[in-house]
Amino acid sequence: MVTGMGVDPGTSSAITGHYDEVAAVVDSYRRIPRDRPVRLAKPTSNLFRFRGDAAGPGLDVGRLNRVLSVDPATRTAQVQGMATYESVVAAHLPHGQMPLVIPQLKTITLGGAVAGLGIEATSFRSGLPHESVREMDVLTGSGEVVTARPDNEHAALFRGFPNSYGTLGYALRLEVETEPIQPCVRVRHVRFSTAQECAAAIAEICRDGEFEGHRVDFLDGTVFTGDEQYLSVGTYVPEVPSTSDYTGQDIYYKSLRRKQTDHLTAHDYLWRWDTDWFWCSRAFGVQHPAVRRLWPRRYRRSDAYRRIVAWDRRLGLSDRLSRARGAAGSEPVIQDVEIPVDRLAEFLEFFHREIGISPIWLCPVKLRDRQGWPLYPMDPDTLYVNVGFWSAVDLRPGERLGDYNRAIERVVGELDGHKSLYSDSYYDEDEFWRLYNRPAYEELKQRYDPDQRLPGLYEKCVGKR
């Protein structure tokens with residue numbers, strides 16, 4: 001049944017339509033046989049767990065993809081769970097508002113960023129996307145729609161939903177905080193010759209909220225080598241003399257090495273990484289000037305590249321090419337990990353020595369909410385740095401698929417870090433539940449999905465290997 005909905009259905013036609021769409025989704029859920037597992041059927045995904053065709057009937061939630069309202073006076077917005085951040089940004093820009101954290105890829109959905117975590121260059125001051133959610137309507141595994149808030153009878157679900165990856169239920173509507181923005185962003189790219197200097201600068205900027213006397217609204221970084229790393233320090237500004245465009249021939253990450261100061265529109269800054277999927281478009285030849293001129297602009301975006309990766313994984317082409325080069329195959333190493341800032345240099349030293357992928361993305365993050373989130377238990381007193389790396393490594397003779405990812409998992413644990421679960425994981429079950437709070441998860445699973453209609457968290461995120 002539909003209960004506890006947190007929005008007055010008479011406030012607007014959009015919200016009234018939302019209730020009709022929710023009723024249709026609930027009816028579809030009820031029609032799926034109770035002895036069959038359930039999965040979401042949606043047009044986009046930013047997960048990197050490719051295990052063949054998903055089992056079980058698909059629940060079509062694609063209609064729940066709109067921004068229902070934006071209220072600059074209260075600095076809140078009502079957003080459906082399957083709304084992509086591309087549509088969220090488009091709806092908010094005319095109001096001069098934006099949610100506090102906008103993940104860097106256009107087709108990440110708001111519900112997905114809350115259930116599966118997200119991060120961006122405002123995370124040093126605004127935490128993770130779920131920390132600016134005030135309430136959400138969740139279709140639970142038991143088939144009910146409940147409104148979860150931090151202060152009601154579903155507060156445990158509100159706290160436990162982040163990092164649950166759709167194994168407790170699906171977010172249908174979320175009320176999120178917004179903040180006023182300005183039209184442009186000035187970015188300064190600051191080079192550091194050692195990881196220790198870079199980590200110290202991250203800690204200082206995040207502590208003070210400023211750099212060289214200027215307010216800092218955005219902060220992320222890029223590591224090219226052990227002696228070449230950049231922090232990109234961004235500040236909202238009302239106007240600039242001119243703006244750069246990285247949707248054409250110019251490539252954003254390459255500009256870090258040649259521009260000390262840059263200016264972008266707020267829109268283009270938010271999507272600066274999407275055009276080339278950070279730097280991953282180079283694997284498809286899209287960064288070659290001749291190829292780039294021929295590659296349609298509408299396909300210079302992260303979801304197009306991900307479809308190519310999914311196709312490659314199905315056919316095993318990269319693995320065949322690796323073997324043709326004389327390697328024992330290739331291992332995808334696509335991960336984001338959170339490392340305490342005072343251990344960042346140790347992690348990068350290990351990574352350069354043992355893994356060898358570059359560039360590497362850095363994004364500082366500190367929780368806003370001191371109560372914490374039980375399924376991803378970060379210390380609220382610790383400043384972390386998200387380290388992102390997305391490529392493949394050739395296997396040498398005698399090495400097994402998973403050796404590099406297992407080594408990363410081991411070192412992340414030794415450094416008191418955490419690993420996101422959107423991609424391949426190799427933890428055994430005991431280790432997984434030690435890290436991701438089995439007692440809290442099982443209590444929520446029993447309450448909101450007692451018949452186990454949705455997959456379990458370990459089953460979904462690790463599975464059989």
# chains A, B, ... in the order shown; residues from 1 in each chain; ligands from 1
$ residues_around --residues "region 433-437 of chain A" --least-positions-apart "4" --cutoff "7 Å" --atoms "only C-alpha atoms" --output "PyMOL selection string"
chain A and resi 374-376+429+441
$ closest_atom_pairs --of "region 212-289 of chain A" --to "region 332-350 of chain A" --cutoff "10 Å" --atoms "only C-alpha atoms" --output "CSV"
residue,atom,partner,partner_atom,distance
A:Val223,CA,A:Leu348,CA,9.1
A:Thr225,CA,A:Leu348,CA,9.6
A:Gly226,CA,A:Glu349,CA,7.5
$ select_by_dssp --residues "region 325-394 of chain A" --states "strand (DSSP E or B)" --output "ChimeraX atom specification"
/A:330-340,360-365,384-394
$ write_last_selection --atoms "C-alpha atoms" --output "JSON list (two decimals), in the first residue's frame"
[["chain", "number", "residue", "atom", "x", "y", "z"],
["A", 330, "SER", "CA", 43.78, -7.88, -18.55],
["A", 331, "GLU", "CA", 42.10, -6.94, -15.30],
["A", 332, "PRO", "CA", 39.69, -3.99, -15.10],
["A", 333, "VAL", "CA", 40.67, -1.75, -12.19],
["A", 334, "ILE", "CA", 37.73, 0.64, -11.85],
["A", 335, "GLN", "CA", 37.40, 1.87, -8.30],
["A", 336, "ASP", "CA", 36.81, 4.83, -5.99],
["A", 337, "VAL", "CA", 38.22, 4.60, -2.48],
["A", 338, "GLU", "CA", 38.22, 7.00, 0.47],
["A", 339, "ILE", "CA", 41.60, 7.40, 2.19],
["A", 340, "PRO", "CA", 42.25, 9.58, 5.28],
["A", 360, "ILE", "CA", 44.21, 9.51, -10.85],
["A", 361, "TRP", "CA", 41.39, 11.68, -9.52],
["A", 362, "LEU", "CA", 41.40, 13.18, -6.02],
["A", 363, "CYS", "CA", 38.31, 14.56, -4.29],
["A", 364, "PRO", "CA", 38.31, 15.51, -0.58],
["A", 365, "VAL", "CA", 35.21, 14.67, 1.44],
["A", 384, "TYR", "CA", 39.09, 11.73, 3.58],
["A", 385, "VAL", "CA", 40.25, 11.97, -0.01],
["A", 386, "ASN", "CA", 38.37, 10.00, -2.61],
["A", 387, "VAL", "CA", 40.89, 8.44, -4.99],
["A", 388, "GLY", "CA", 39.39, 7.42, -8.34],
["A", 389, "PHE", "CA", 41.08, 5.28, -10.99],
["A", 390, "TRP", "CA", 39.42, 3.71, -14.00],
["A", 391, "SER", "CA", 41.39, 1.59, -16.42],
["A", 392, "ALA", "CA", 42.76, -1.94, -16.93],
["A", 393, "VAL", "CA", 46.08, -3.56, -16.06],
["A", 394, "ASP", "CA", 47.81, -6.26, -18.09]]
$ closest_residue --among "A:Cys280, A:Val240, A:Leu128, A:Val146" --to "Arg368 (chain A)" --atoms "only C-alpha atoms"
A:Leu128
$ atom_distance --atom1 "CA of Pro377 (chain A)" --atom2 "CA of Val138 (chain A)"
21.8 Å
$ atom_distance --atom1 "CA of Gln182 (chain A)" --atom2 "CA of Gln97 (chain A)"
8.6 Å
$ select_by_dssp --residues "region 180-293 of chain A" --states "helix (DSSP H, G or I)" --output "PyMOL selection string"
chain A and resi 195-208+252-255+266-270+280-284+289-293
$ write_last_selection --atoms "C-alpha atoms" --output "compact mmCIF listing (two decimals), in the first residue's frame"
# COMPACT_ATOMS: atom_id res chain seq x y z
CA ALA A 195 51.99 13.80 -2.69
CA GLN A 196 52.86 14.97 0.83
CA GLU A 197 52.68 18.63 -0.24
CA CYS A 198 49.43 18.01 -2.08
CA ALA A 199 47.85 16.27 0.93
CA ALA A 200 48.95 19.07 3.25
CA ALA A 201 47.40 21.67 0.94
CA ILE A 202 44.14 19.69 0.80
CA ALA A 203 43.99 19.61 4.60
CA GLU A 204 44.70 23.34 4.89
CA ILE A 205 42.17 24.42 2.25
CA CYS A 206 39.45 22.20 3.70
CA ARG A 207 40.15 23.54 7.19
CA ASP A 208 40.11 27.21 6.20
CA TYR A 252 39.54 19.55 -19.83
CA TYR A 253 42.07 17.38 -18.01
CA LYS A 254 44.82 18.31 -20.48
CA SER A 255 44.21 21.99 -19.71
CA ALA A 266 28.58 27.06 -13.90
CA HIS A 267 26.85 24.60 -16.24
CA ASP A 268 30.08 23.71 -18.05
CA TYR A 269 32.02 23.47 -14.81
CA LEU A 270 29.55 20.94 -13.39
CA CYS A 280 38.76 7.54 -20.22
CA SER A 281 37.66 8.60 -23.72
CA ARG A 282 41.28 8.19 -24.83
CA ALA A 283 40.76 4.39 -24.76
CA PHE A 284 38.31 4.83 -27.67
CA PRO A 289 42.15 15.38 -33.09
CA ALA A 290 41.09 13.65 -36.32
CA VAL A 291 38.84 11.17 -34.56
CA ARG A 292 37.40 13.88 -32.35
CA ARG A 293 36.31 15.97 -35.31
$ atom_distance --atom1 "CA of Leu264 (chain A)" --atom2 "CA of Ile181 (chain A)"
13.5 Å
$ closest_residue --among "A:Ala155, A:Ile251, A:Ala304, A:Val79" --to "Gln371 (chain A)" --atoms "only C-alpha atoms"
A:Ala155
$ residues_around --residues "Gly329 (chain A)" --least-positions-apart "5" --cutoff "12 Å" --atoms "only C-alpha atoms" --output "list in words"
Gly316, Leu317, Ser318, Asp319, Arg320, Leu321, Ser322, Arg323, Ala324, Ala392, Val393, Asp394, Leu395, Arg396, Pro397, Gly398, Glu399, Arg400, Leu401 and Gly402 of chain A
$ write_last_selection --atoms "N, CA and C atoms" --output "JSON list (two decimals), in the first residue's frame"
[["chain", "number", "residue", "atom", "x", "y", "z"],
["A", 316, "GLY", "N", 34.74, -9.52, -24.65],
["A", 316, "GLY", "CA", 36.10, -9.81, -24.19],
["A", 316, "GLY", "C", 37.19, -9.31, -25.12],
["A", 317, "LEU", "N", 36.93, -8.21, -25.84],
["A", 317, "LEU", "CA", 37.90, -7.74, -26.82],
["A", 317, "LEU", "C", 39.19, -7.23, -26.17],
["A", 318, "SER", "N", 39.05, -6.45, -25.09],
["A", 318, "SER", "CA", 40.25, -5.92, -24.43],
["A", 318, "SER", "C", 41.13, -7.05, -23.91],
["A", 319, "ASP", "N", 40.51, -8.09, -23.39],
["A", 319, "ASP", "CA", 41.27, -9.22, -22.88],
["A", 319, "ASP", "C", 42.01, -9.92, -24.02],
["A", 320, "ARG", "N", 41.37, -10.05, -25.16],
["A", 320, "ARG", "CA", 42.04, -10.68, -26.31],
["A", 320, "ARG", "C", 43.21, -9.83, -26.79],
["A", 321, "LEU", "N", 43.01, -8.51, -26.85],
["A", 321, "LEU", "CA", 44.11, -7.63, -27.26],
["A", 321, "LEU", "C", 45.27, -7.71, -26.29],
["A", 322, "SER", "N", 44.96, -7.80, -25.01],
["A", 322, "SER", "CA", 46.02, -7.92, -24.00],
["A", 322, "SER", "C", 46.81, -9.20, -24.21],
["A", 323, "ARG", "N", 46.12, -10.29, -24.48],
["A", 323, "ARG", "CA", 46.81, -11.56, -24.71],
["A", 323, "ARG", "C", 47.63, -11.50, -26.00],
["A", 324, "ALA", "N", 47.13, -10.78, -26.99],
["A", 324, "ALA", "CA", 47.89, -10.64, -28.24],
["A", 324, "ALA", "C", 49.19, -9.88, -28.01],
["A", 392, "ALA", "N", 42.48, -0.51, -17.01],
["A", 392, "ALA", "CA", 42.76, -1.94, -16.93],
["A", 392, "ALA", "C", 44.27, -2.14, -16.85],
["A", 393, "VAL", "N", 44.67, -3.24, -16.24],
["A", 393, "VAL", "CA", 46.08, -3.56, -16.06],
["A", 393, "VAL", "C", 46.35, -4.90, -16.73],
["A", 394, "ASP", "N", 47.42, -4.98, -17.50],
["A", 394, "ASP", "CA", 47.81, -6.26, -18.09],
["A", 394, "ASP", "C", 48.30, -7.20, -17.00],
["A", 395, "LEU", "N", 47.86, -8.44, -17.08],
["A", 395, "LEU", "CA", 48.30, -9.46, -16.13],
["A", 395, "LEU", "C", 49.59, -10.10, -16.62],
["A", 396, "ARG", "N", 50.52, -10.25, -15.71],
["A", 396, "ARG", "CA", 51.76, -10.95, -16.03],
["A", 396, "ARG", "C", 51.56, -12.45, -15.84],
["A", 397, "PRO", "N", 52.42, -13.27, -16.45],
["A", 397, "PRO", "CA", 52.30, -14.73, -16.26],
["A", 397, "PRO", "C", 52.29, -15.09, -14.78],
["A", 398, "GLY", "N", 51.35, -15.93, -14.39],
["A", 398, "GLY", "CA", 51.23, -16.34, -13.00],
["A", 398, "GLY", "C", 50.26, -15.50, -12.20],
["A", 399, "GLU", "N", 49.88, -14.33, -12.70],
["A", 399, "GLU", "CA", 48.90, -13.49, -12.00],
["A", 399, "GLU", "C", 47.49, -13.90, -12.38],
["A", 400, "ARG", "N", 46.57, -13.74, -11.43],
["A", 400, "ARG", "CA", 45.18, -14.14, -11.65],
["A", 400, "ARG", "C", 44.30, -12.90, -11.73],
["A", 401, "LEU", "N", 43.19, -13.06, -12.45],
["A", 401, "LEU", "CA", 42.20, -12.00, -12.50],
["A", 401, "LEU", "C", 41.74, -11.68, -11.08],
["A", 402, "GLY", "N", 41.83, -10.43, -10.69],
["A", 402, "GLY", "CA", 41.45, -10.00, -9.35],
["A", 402, "GLY", "C", 42.62, -9.69, -8.44]]
